[in-house]
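Data file: structure35.txt. Format and content: compact mmCIF, C-alpha atoms and all ligand atoms.
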# COMPACT_ATOMS: atom_id res chain seq x y z
CA MET A 22 0.31 53.13 27.97
CA THR A 23 0.10 49.81 29.78
CA PHE A 24 0.40 46.52 27.99
CA ARG A 25 -3.31 46.00 28.61
CA ASP A 26 -4.12 49.39 27.03
CA ARG A 27 -1.97 48.61 24.02
CA LEU A 28 -3.83 45.32 23.55
CA ARG A 29 -7.19 47.04 23.74
CA ALA A 30 -6.16 49.59 21.12
CA LEU A 31 -5.45 46.89 18.54
CA PRO A 32 -7.94 46.31 15.73
CA SER A 33 -8.72 42.64 14.94
CA PHE A 34 -9.44 43.21 11.25
CA PRO A 35 -8.70 45.82 8.59
CA PRO A 36 -11.51 47.82 6.97
CA GLY A 37 -12.99 46.72 3.66
CA LEU A 38 -13.74 43.09 4.53
CA PRO A 39 -15.31 40.89 1.84
CA PRO A 40 -18.88 39.59 2.05
CA PHE A 41 -19.55 36.00 3.14
CA GLY A 42 -19.73 34.82 -0.45
CA VAL A 43 -22.89 32.80 0.22
CA ASP A 44 -26.51 34.01 0.33
CA LEU A 45 -27.18 33.48 4.04
CA ASP A 46 -30.91 34.01 3.51
CA ASP A 47 -31.01 30.99 1.21
CA LEU A 48 -28.79 28.22 2.57
CA ASP A 49 -30.00 25.83 -0.13
CA SER A 50 -27.95 27.92 -2.54
CA ALA A 51 -24.78 27.47 -0.43
CA PRO A 52 -22.25 24.84 -1.59
CA ARG A 53 -23.44 21.31 -0.76
CA THR A 54 -20.25 20.39 1.09
CA PRO A 55 -17.92 22.35 3.37
CA GLN A 56 -15.04 21.26 1.15
CA GLU A 57 -16.48 23.34 -1.70
CA LEU A 58 -16.93 26.46 0.43
CA PHE A 59 -13.49 25.98 2.03
CA THR A 60 -11.75 25.81 -1.33
CA ALA A 61 -13.64 28.92 -2.51
CA TRP A 62 -12.54 30.81 0.62
CA PHE A 63 -9.02 29.46 0.18
CA ASP A 64 -8.95 30.82 -3.37
CA ASP A 65 -9.97 34.20 -1.93
CA ALA A 66 -7.06 33.95 0.53
CA LEU A 67 -4.67 33.19 -2.33
CA ALA A 68 -6.09 36.02 -4.45
CA ALA A 69 -5.54 38.39 -1.51
CA ALA A 70 -1.90 37.16 -1.37
CA LEU A 71 -2.15 36.23 2.31
CA LEU A 72 1.03 34.88 3.86
CA ALA A 73 0.75 31.13 4.53
CA PRO A 74 -3.02 30.75 4.31
CA HIS A 75 -2.40 27.01 4.57
CA ALA A 76 -0.99 27.37 8.11
CA THR A 77 -3.55 26.12 10.60
CA THR A 78 -3.80 25.42 14.31
CA LEU A 79 -4.20 21.72 15.07
CA ALA A 80 -5.69 20.87 18.46
CA THR A 81 -5.45 17.36 19.88
CA ALA A 82 -6.02 15.84 23.29
CA GLY A 83 -4.22 13.01 25.04
CA PRO A 84 -5.84 10.11 26.84
CA ASP A 85 -5.75 12.14 30.09
CA GLY A 86 -7.84 14.88 28.46
CA ALA A 87 -4.98 17.39 28.37
CA VAL A 88 -5.27 19.52 25.22
CA HIS A 89 -2.34 20.45 22.97
CA ALA A 90 -2.33 22.87 20.02
CA ARG A 91 0.30 23.72 17.44
CA THR A 92 0.59 25.03 13.88
CA VAL A 93 0.76 22.64 10.92
CA VAL A 94 0.31 23.18 7.21
CA LEU A 95 -2.64 21.93 5.24
CA LYS A 96 -1.64 19.34 2.64
CA ASP A 97 -4.93 18.75 0.81
CA VAL A 98 -8.69 18.82 1.10
CA THR A 99 -10.53 15.82 -0.34
CA ASP A 100 -13.83 14.00 0.11
CA THR A 101 -12.25 12.22 3.08
CA GLY A 102 -11.25 15.43 4.82
CA TRP A 103 -8.50 17.92 5.61
CA TRP A 104 -4.93 16.52 5.33
CA PHE A 105 -1.89 17.39 7.41
CA ALA A 106 1.34 15.52 8.19
CA GLY A 107 3.96 14.97 10.86
CA HIS A 108 5.69 12.33 12.91
CA ALA A 109 3.57 9.59 14.50
CA THR A 110 6.19 9.57 17.29
CA SER A 111 5.68 13.28 18.11
CA PRO A 112 3.33 14.41 20.90
CA LYS A 113 0.65 15.18 18.28
CA GLY A 114 1.07 11.67 16.82
CA ARG A 115 0.81 10.09 20.25
CA ASP A 116 -2.28 12.14 21.05
CA LEU A 117 -3.94 11.08 17.79
CA ALA A 118 -3.08 7.41 18.31
CA ALA A 119 -4.73 7.49 21.74
CA ASN A 120 -7.59 9.83 20.85
CA PRO A 121 -8.42 10.56 17.21
CA HIS A 122 -10.65 13.57 18.00
CA ALA A 123 -8.98 16.68 16.63
CA ALA A 124 -9.73 20.17 15.36
CA LEU A 125 -8.18 22.64 12.94
CA VAL A 126 -8.59 26.42 13.02
CA PHE A 127 -7.73 28.61 10.05
CA LEU A 128 -7.55 32.38 10.66
CA TRP A 129 -7.38 34.66 7.65
CA ARG A 130 -7.40 37.92 9.55
CA GLU A 131 -6.93 40.19 6.51
CA LEU A 132 -10.26 38.86 5.22
CA GLY A 133 -11.95 38.73 8.63
CA ARG A 134 -12.45 35.00 8.22
CA GLN A 135 -12.08 31.93 10.42
CA VAL A 136 -12.79 28.30 9.56
CA ARG A 137 -13.09 25.63 12.25
CA VAL A 138 -12.93 21.96 11.31
CA ALA A 139 -13.61 19.27 13.94
CA GLY A 140 -13.79 15.51 13.67
CA THR A 141 -11.57 12.47 13.81
CA ALA A 142 -8.12 12.06 12.32
CA THR A 143 -6.90 8.82 10.80
CA SER A 144 -3.65 7.92 9.12
CA GLY A 145 -3.84 7.95 5.35
CA GLY A 146 -1.61 4.87 5.36
CA PRO A 147 2.03 4.22 4.41
CA GLU A 148 1.70 5.07 0.72
CA ALA A 149 0.06 8.47 1.23
CA SER A 150 2.49 9.22 4.07
CA ALA A 151 5.57 8.32 2.00
CA ALA A 152 4.27 10.32 -0.97
CA ASP A 153 3.76 13.33 1.29
CA PHE A 154 7.27 13.01 2.70
CA ARG A 155 8.91 12.66 -0.72
CA ALA A 156 7.09 15.78 -1.97
CA ARG A 157 8.84 17.89 0.70
CA PRO A 158 11.89 20.00 -0.21
CA GLU A 159 15.30 18.43 0.44
CA GLY A 160 16.02 20.38 3.64
CA SER A 161 12.60 19.51 5.07
CA ARG A 162 13.14 15.83 4.26
CA ALA A 163 16.51 15.93 6.04
CA ALA A 164 14.93 17.65 9.06
CA GLY A 165 12.14 15.06 9.01
CA LEU A 166 14.65 12.21 8.97
CA VAL A 167 16.33 13.60 12.08
CA ASP A 168 13.14 12.70 14.02
CA HIS A 169 13.17 13.01 17.89
CA GLN A 170 10.65 15.86 17.47
CA SER A 171 9.78 17.62 20.72
CA GLU A 172 12.26 15.60 22.79
CA PRO A 173 14.64 17.69 24.93
CA LEU A 174 17.76 18.71 22.95
CA GLY A 175 21.15 18.84 24.65
CA SER A 176 22.65 21.51 22.37
CA ARG A 177 22.12 23.12 18.96
CA GLU A 178 25.36 21.51 17.84
CA GLU A 179 23.84 18.07 18.46
CA TYR A 180 20.96 18.99 16.16
CA TRP A 181 23.15 20.44 13.39
CA SER A 182 25.33 17.36 13.35
CA ALA A 183 22.26 15.05 13.11
CA PHE A 184 20.80 17.32 10.41
CA ALA A 185 24.04 17.30 8.38
CA ALA A 186 24.13 13.48 8.50
CA GLU A 187 20.50 13.25 7.31
CA LEU A 188 21.05 15.87 4.60
CA ASP A 189 23.91 13.77 3.32
CA ARG A 190 21.68 10.68 3.39
CA THR A 191 18.87 12.56 1.59
CA ARG A 192 21.29 13.52 -1.18
CA ARG A 193 22.47 9.93 -1.55
CA ASP A 194 18.95 8.51 -1.32
CA PRO A 195 16.32 11.08 -2.35
CA ASP A 196 13.57 8.48 -1.79
CA ALA A 197 14.42 7.97 1.90
CA VAL A 198 11.33 8.38 4.06
CA ALA A 199 11.20 8.94 7.83
CA PRO A 200 9.55 5.75 9.12
CA ALA A 201 7.26 7.62 11.52
CA TRP A 202 6.15 10.23 8.96
CA THR A 203 2.37 10.16 8.71
CA ALA A 204 -0.19 11.93 6.57
CA TRP A 205 -3.45 12.17 8.51
CA THR A 206 -6.85 13.10 7.22
CA LEU A 207 -9.25 14.89 9.53
CA ASP A 208 -12.72 13.67 8.62
CA PRO A 209 -14.98 16.42 9.95
CA VAL A 210 -18.32 16.08 11.69
CA GLU A 211 -18.62 19.84 11.63
CA VAL A 212 -17.06 22.74 9.74
CA GLU A 213 -17.88 26.32 10.68
CA PHE A 214 -17.30 29.39 8.52
CA TRP A 215 -17.08 32.73 10.34
CA GLN A 216 -17.00 36.10 8.64
CA ALA A 217 -16.52 39.46 10.29
CA SER A 218 -17.93 42.53 8.63
CA ASP A 219 -17.19 46.23 8.82
CA ASP A 220 -20.39 46.83 10.83
CA ARG A 221 -19.39 44.10 13.34
CA GLY A 222 -22.27 41.87 12.28
CA GLN A 223 -20.31 38.63 12.29
CA ALA A 224 -21.94 35.82 10.35
CA ARG A 225 -21.52 32.11 11.03
CA LEU A 226 -22.48 29.14 8.89
CA ARG A 227 -22.03 25.61 10.19
CA TYR A 228 -22.02 22.37 8.21
CA ARG A 229 -22.73 19.26 10.25
CA LYS A 230 -23.06 15.60 9.43
CA ASP A 231 -24.03 12.58 11.45
CA PRO A 232 -21.57 9.90 10.35
CA SER A 233 -23.62 7.12 11.96
CA THR A 234 -26.69 7.83 9.83
CA THR A 235 -25.85 10.08 6.89
CA PRO A 236 -22.10 9.99 6.31
CA THR A 237 -22.24 12.21 3.23
CA ALA A 238 -25.28 14.46 3.82
CA TRP A 239 -24.44 17.83 5.33
CA THR A 240 -26.87 19.97 7.32
CA LYS A 241 -26.28 23.71 6.96
CA GLU A 242 -27.35 26.15 9.65
CA LEU A 243 -26.67 29.69 10.81
CA LEU A 244 -25.27 30.27 14.31
CA TRP A 245 -25.69 33.24 16.60
CA PRO A 246 -22.52 35.28 16.52
C1 LIG B 1 3.99 27.84 10.04
C2 LIG B 1 4.31 26.51 10.69
C3 LIG B 1 4.05 25.34 10.00
C4 LIG B 1 4.32 24.10 10.59
N1 LIG B 1 4.00 22.98 9.90
C5 LIG B 1 4.15 21.76 10.50
C6 LIG B 1 3.68 20.57 9.84
O1 LIG B 1 3.10 20.60 8.75
N2 LIG B 1 3.89 19.40 10.50
C7 LIG B 1 4.50 19.31 11.71
O2 LIG B 1 4.65 18.20 12.23
N3 LIG B 1 4.93 20.43 12.36
C8 LIG B 1 4.77 21.65 11.78
N4 LIG B 1 5.18 22.79 12.44
C9 LIG B 1 5.80 22.65 13.77
C10 LIG B 1 4.70 22.42 14.81
O3 LIG B 1 4.01 23.64 15.09
C11 LIG B 1 5.23 21.83 16.14
O4 LIG B 1 6.23 22.67 16.67
C12 LIG B 1 5.80 20.43 15.96
O5 LIG B 1 5.05 19.68 15.03
C13 LIG B 1 5.82 19.69 17.30
O6 LIG B 1 4.49 19.57 17.76
P1 LIG B 1 4.06 18.50 18.87
O7 LIG B 1 5.14 18.47 19.91
O8 LIG B 1 2.77 19.02 19.41
O9 LIG B 1 3.88 17.17 18.18
C14 LIG B 1 4.91 24.05 11.89
C15 LIG B 1 5.16 25.22 12.57
C16 LIG B 1 4.86 26.45 12.00
C17 LIG B 1 5.11 27.71 12.79

Would you mind writing the file's structure down as structure tokens?
Amino acid sequence: MTFRDRLRALPSFPPGLPPFGVDLDDLDSAPRTPQELFTAWFDDALAAALLAPHATTLATAGPDGAVHARTVVLKDVTDTGWWFAGHATSPKGRDLAANPHAALVFLWRELGRQVRVAGTATSGGPEASAADFRARPEGSRAAGLVDHQSEPLGSREEYWSAFAAELDRTRRDPDAVAPAWTAWTLDPVEVEFWQASDDRGQARLRYRKDPSTTPTAWTKELLWP
């Protein structure tokens, strides 16, 4: 079997997928905000014991239009948006400083579900960023203090020695915060919920808002699969 054949033989989803969880014939009955539907779907992901349902793909673009994507973990969902964190000095941080447009994609394949969140990311400020950093486990704080993320590394030994020094510092000063650590909130202009079903009739529900006119009113609409 060729590689191509093996790819084609793979199923995308298991059988027994859940329903959308919203009456798609009556969108008025759907949650008023995408935050509410997202947290309901997230609870389903937790109930199904999915591995790392909070892992999400973050797409950003630099000032030259080049697009970059990587995995981050979701830190919170609030009225202001979807929260994630990292170094402002990393490529993602530089992209966001130059161009705040960003998108997140959650894939919960065991449930046949995808959620796409698109909008603009802004820093939550020094207090939220420091609080996020301090809530990380000790080893993650030490790794965060090492910084230099995504710069070329001469050798693994160089990293381990920098990590050991920062671990030592973290133990001496548990409140130490990496200066560039930033918690961003992605304030969405649209959030799309996608559900596969056993009969292949994918369903899509999109929430959209126009921040210039109605910053808190969401329009709900179905999309062709
Ligand atoms: C499951 C998983 C979770 C991750 N979570 C984060 C995160 O929350 N923040 C972060 O900065 N990097 C996280 N990373 C590492 C990023 O994917 C990426 O390698 C790193 O942030 C450098 O990205 P950049 O060069 O585009 O800035 C995670 C990676 C994986 C696989």

Legend entry - Surroundings of ligand LIG 1 (chain B) up to 10 Å, based on only C-alpha atoms and all ligand atoms, as number ranges by chain: A: 72-81, 88-96, 104-117, 165, 169-172, 202-204

Inset, instruction - Record the distance separating CA of Pro121 in chain A and CA of Thr141 in chain A, expressed in Å with one decimal. - result: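 Going from CA of Pro121 in chain A over to CA of Thr141 in chain A covers 5.0 Å.
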
Legend entry - Nearest-residue call for Ala163 in chain A, choices A:Ser182, A:Gln223, A:Ser144, A:Thr191, using only C-alpha atoms: A:Thr191

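Between CA of Gly175 in chain A and CA of Asp189 in chain A the interatomic distance comes to 22.1 Å.
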
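With CA of Phe127 in chain A on one side and CA of Trp103 in chain A on the other, the separation reads 11.6 Å.
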
Would you mind listing, for every residue of range 31-56 of chain A within 9 Å of range 60-68 of chain A, the two atoms forming the shortest contact and the distance between them in Å to one decimal, using all atoms listed in the file, sorted by chain and ascending residue number, as a tab-separated table?
residue	atom	partner	partner_atom	distance
A:Gly42	CA	A:Trp62	CA	8.3
A:Pro55	CA	A:Thr60	CA	8.5
A:Gln56	CA	A:Thr60	CA	6.1

So which residues are close to (8.4, 7.0, -4.8), meaning at most 10 Å away in the file's coordinates with all atoms listed in the file counted, and can you show them as a compact mmCIF listing (two decimals) with C-alpha atoms, in the frame of the given file?
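To be explicit, this is the file written out as result34.txt:
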# COMPACT_ATOMS: atom_id res chain seq x y z
CA GLU A 148 1.70 5.07 0.72
CA ALA A 151 5.57 8.32 2.00
CA ALA A 152 4.27 10.32 -0.97
CA ASP A 153 3.76 13.33 1.29
CA PHE A 154 7.27 13.01 2.70
CA ARG A 155 8.91 12.66 -0.72
CA ALA A 156 7.09 15.78 -1.97
CA PRO A 195 16.32 11.08 -2.35
CA ASP A 196 13.57 8.48 -1.79
CA ALA A 197 14.42 7.97 1.90
CA VAL A 198 11.33 8.38 4.06

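Within 10 Å of Ala238 in chain A, once only C-alpha atoms are used and residues closer than 6 positions along the same chain are dropped, the contacting residues are A:Arg53, A:Thr54, A:Tyr228, A:Arg229, A:Lys230, A:Asp231, A:Pro232.
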
Legend entry - Selected residue, from A:Asp168, A:Glu179, A:Glu242, A:Glu57, that lies nearest to Thr99 in chain A when counting all atoms listed in the file: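 The shortest atom-to-atom distance to Thr99 in chain A comes from A:Glu57.
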
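Each of A:Glu178, A:Glu187, A:Asp100, A:Asp208 was compared to Ala139 in chain A using only C-alpha atoms, and A:Asp208 turns out to be the nearest.
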
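Minimum distance to Arg130 in chain A across A:Leu207, A:Ala118, A:Leu174, A:Leu38 (counting only C-alpha atoms) occurs at A:Leu38.
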
Inset, instruction - Could you give me, as number ranges by chain, the residues within 10 Å of Trp181 in chain A, counting all atoms listed in the file and dropping anything in the same chain fewer than 5 positions from it? - result: A: 164, 167, 176, 186-187

With all atoms listed in the file as the counted atoms, please give the residues lying no more than 10 Å from Ser33 in chain A, apart from itself and same-chain residues fewer than 3 positions off, as a tab-separated table (two decimals) with C-alpha atoms, keeping the file's coordinate frame.
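Written out: result.tsv:
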chain	number	residue	atom	x	y	z
A	29	ARG	CA	-7.19	47.04	23.74
A	30	ALA	CA	-6.16	49.59	21.12
A	36	PRO	CA	-11.51	47.82	6.97
A	130	ARG	CA	-7.40	37.92	9.55
A	131	GLU	CA	-6.93	40.19	6.51
A	133	GLY	CA	-11.95	38.73	8.63
A	217	ALA	CA	-16.52	39.46	10.29

Against range 45-49 of chain A, which residues of range 132-218 of chain A fall within 12 Å? For each one I want the closest pair of atoms and the distance in Å (one decimal), counting all atoms listed in the file, rows by chain and increasing residue number, as CSV.
residue,atom,partner,partner_atom,distance
A:Phe214,CA,A:Leu45,CA,11.6
A:Trp215,CA,A:Leu45,CA,11.9
A:Gln216,CA,A:Leu45,CA,11.5

Residues just named, written with C-alpha atoms as a CSV table (one decimal), in the frame of the given file:
chain,number,residue,atom,x,y,z
A,214,PHE,CA,-17.3,29.4,8.5
A,215,TRP,CA,-17.1,32.7,10.3
A,216,GLN,CA,-17.0,36.1,8.6

Legend entry - Residue among A:Phe24, A:Ala119, A:Trp129, A:Val98 lying closest to Ala70 in chain A, counting all atoms listed in the file: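 So, comparing all the options, the nearest one is A:Trp129.
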
Legend entry - Residue nearest Ala82 in chain A among A:Ser150, A:Thr101, A:Ser50, A:Asn120 (counting only C-alpha atoms):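 Smallest distance to Ala82 in chain A is found for A:Asn120.
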
Some atoms are absent from range 72-102 of chain A, so rebuild N, CA and C atoms and return them as a PDB file, in the coordinates of the input.
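Saved the output as part20.pdb:
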ATOM      1  N   LEU A  72      -0.161  35.664   3.559  1.00  0.00           N
ATOM      2  CA  LEU A  72       1.030  34.880   3.860  1.00  0.00           C
ATOM      3  C   LEU A  72       0.591  33.571   4.538  1.00  0.00           C
ATOM      4  N   ALA A  73       1.015  32.463   3.963  1.00  0.00           N
ATOM      5  CA  ALA A  73       0.750  31.130   4.530  1.00  0.00           C
ATOM      6  C   ALA A  73      -0.713  30.904   4.926  1.00  0.00           C
ATOM      7  N   PRO A  74      -1.620  31.033   3.969  1.00  0.00           N
ATOM      8  CA  PRO A  74      -3.020  30.750   4.310  1.00  0.00           C
ATOM      9  C   PRO A  74      -3.249  29.285   4.645  1.00  0.00           C
ATOM     10  N   HIS A  75      -2.264  28.446   4.285  1.00  0.00           N
ATOM     11  CA  HIS A  75      -2.400  27.010   4.570  1.00  0.00           C
ATOM     12  C   HIS A  75      -1.899  26.657   5.972  1.00  0.00           C
ATOM     13  N   ALA A  76      -1.415  27.635   6.726  1.00  0.00           N
ATOM     14  CA  ALA A  76      -0.990  27.370   8.110  1.00  0.00           C
ATOM     15  C   ALA A  76      -2.243  27.342   8.985  1.00  0.00           C
ATOM     16  N   THR A  77      -2.338  26.330   9.822  1.00  0.00           N
ATOM     17  CA  THR A  77      -3.550  26.120  10.600  1.00  0.00           C
ATOM     18  C   THR A  77      -3.199  25.609  11.992  1.00  0.00           C
ATOM     19  N   THR A  78      -4.020  25.925  12.954  1.00  0.00           N
ATOM     20  CA  THR A  78      -3.800  25.420  14.310  1.00  0.00           C
ATOM     21  C   THR A  78      -4.465  24.056  14.440  1.00  0.00           C
ATOM     22  N   LEU A  79      -3.678  23.081  14.857  1.00  0.00           N
ATOM     23  CA  LEU A  79      -4.200  21.720  15.070  1.00  0.00           C
ATOM     24  C   LEU A  79      -4.289  21.477  16.573  1.00  0.00           C
ATOM     25  N   ALA A  80      -5.497  21.179  17.049  1.00  0.00           N
ATOM     26  CA  ALA A  80      -5.690  20.870  18.460  1.00  0.00           C
ATOM     27  C   ALA A  80      -5.951  19.371  18.613  1.00  0.00           C
ATOM     28  N   THR A  81      -5.259  18.776  19.579  1.00  0.00           N
ATOM     29  CA  THR A  81      -5.450  17.360  19.880  1.00  0.00           C
ATOM     30  C   THR A  81      -5.550  17.233  21.397  1.00  0.00           C
ATOM     31  N   ALA A  82      -5.970  16.067  21.847  1.00  0.00           N
ATOM     32  CA  ALA A  82      -6.020  15.840  23.290  1.00  0.00           C
ATOM     33  C   ALA A  82      -5.495  14.436  23.572  1.00  0.00           C
ATOM     34  N   GLY A  83      -4.760  14.311  24.661  1.00  0.00           N
ATOM     35  CA  GLY A  83      -4.220  13.010  25.040  1.00  0.00           C
ATOM     36  C   GLY A  83      -5.254  12.191  25.789  1.00  0.00           C
ATOM     37  N   PRO A  84      -4.887  10.978  26.145  1.00  0.00           N
ATOM     38  CA  PRO A  84      -5.840  10.110  26.840  1.00  0.00           C
ATOM     39  C   PRO A  84      -6.238  10.664  28.209  1.00  0.00           C
ATOM     40  N   ASP A  85      -5.405  11.543  28.782  1.00  0.00           N
ATOM     41  CA  ASP A  85      -5.750  12.140  30.090  1.00  0.00           C
ATOM     42  C   ASP A  85      -6.626  13.376  29.932  1.00  0.00           C
ATOM     43  N   GLY A  86      -6.978  13.713  28.682  1.00  0.00           N
ATOM     44  CA  GLY A  86      -7.840  14.880  28.460  1.00  0.00           C
ATOM     45  C   GLY A  86      -7.070  16.176  28.308  1.00  0.00           C
ATOM     46  N   ALA A  87      -5.761  16.156  28.537  1.00  0.00           N
ATOM     47  CA  ALA A  87      -4.980  17.390  28.370  1.00  0.00           C
ATOM     48  C   ALA A  87      -4.937  17.766  26.886  1.00  0.00           C
ATOM     49  N   VAL A  88      -5.162  19.056  26.613  1.00  0.00           N
ATOM     50  CA  VAL A  88      -5.270  19.520  25.220  1.00  0.00           C
ATOM     51  C   VAL A  88      -3.960  20.145  24.774  1.00  0.00           C
ATOM     52  N   HIS A  89      -3.581  19.883  23.522  1.00  0.00           N
ATOM     53  CA  HIS A  89      -2.340  20.450  22.970  1.00  0.00           C
ATOM     54  C   HIS A  89      -2.669  21.062  21.602  1.00  0.00           C
ATOM     55  N   ALA A  90      -2.094  22.229  21.322  1.00  0.00           N
ATOM     56  CA  ALA A  90      -2.330  22.870  20.020  1.00  0.00           C
ATOM     57  C   ALA A  90      -1.004  23.327  19.451  1.00  0.00           C
ATOM     58  N   ARG A  91      -0.909  23.262  18.141  1.00  0.00           N
ATOM     59  CA  ARG A  91       0.300  23.720  17.440  1.00  0.00           C
ATOM     60  C   ARG A  91      -0.076  24.016  15.995  1.00  0.00           C
ATOM     61  N   THR A  92       0.837  24.705  15.286  1.00  0.00           N
ATOM     62  CA  THR A  92       0.590  25.030  13.880  1.00  0.00           C
ATOM     63  C   THR A  92       1.069  23.886  12.992  1.00  0.00           C
ATOM     64  N   VAL A  93       0.294  23.543  11.985  1.00  0.00           N
ATOM     65  CA  VAL A  93       0.760  22.640  10.920  1.00  0.00           C
ATOM     66  C   VAL A  93       0.329  23.257   9.599  1.00  0.00           C
ATOM     67  N   VAL A  94       0.799  22.676   8.497  1.00  0.00           N
ATOM     68  CA  VAL A  94       0.310  23.180   7.210  1.00  0.00           C
ATOM     69  C   VAL A  94      -0.663  22.184   6.594  1.00  0.00           C
ATOM     70  N   LEU A  95      -1.631  22.739   5.910  1.00  0.00           N
ATOM     71  CA  LEU A  95      -2.640  21.930   5.240  1.00  0.00           C
ATOM     72  C   LEU A  95      -2.017  21.321   3.985  1.00  0.00           C
ATOM     73  N   LYS A  96      -2.239  20.013   3.788  1.00  0.00           N
ATOM     74  CA  LYS A  96      -1.640  19.340   2.640  1.00  0.00           C
ATOM     75  C   LYS A  96      -2.638  19.091   1.502  1.00  0.00           C
ATOM     76  N   ASP A  97      -3.917  18.975   1.852  1.00  0.00           N
ATOM     77  CA  ASP A  97      -4.930  18.750   0.810  1.00  0.00           C
ATOM     78  C   ASP A  97      -6.300  18.813   1.465  1.00  0.00           C
ATOM     79  N   VAL A  98      -7.312  18.979   0.635  1.00  0.00           N
ATOM     80  CA  VAL A  98      -8.690  18.820   1.100  1.00  0.00           C
ATOM     81  C   VAL A  98      -9.377  17.926   0.075  1.00  0.00           C
ATOM     82  N   THR A  99      -9.889  16.787   0.556  1.00  0.00           N
ATOM     83  CA  THR A  99     -10.530  15.820  -0.340  1.00  0.00           C
ATOM     84  C   THR A  99     -11.876  15.418   0.265  1.00  0.00           C
ATOM     85  N   ASP A 100     -12.549  14.496  -0.413  1.00  0.00           N
ATOM     86  CA  ASP A 100     -13.830  14.000   0.110  1.00  0.00           C
ATOM     87  C   ASP A 100     -13.658  13.415   1.505  1.00  0.00           C
ATOM     88  N   THR A 101     -12.458  12.856   1.773  1.00  0.00           N
ATOM     89  CA  THR A 101     -12.250  12.220   3.080  1.00  0.00           C
ATOM     90  C   THR A 101     -11.882  13.234   4.159  1.00  0.00           C
ATOM     91  N   GLY A 102     -11.509  14.425   3.787  1.00  0.00           N
ATOM     92  CA  GLY A 102     -11.250  15.430   4.820  1.00  0.00           C
ATOM     93  C   GLY A 102     -10.068  16.329   4.548  1.00  0.00           C
TER      94      GLY A 102
END
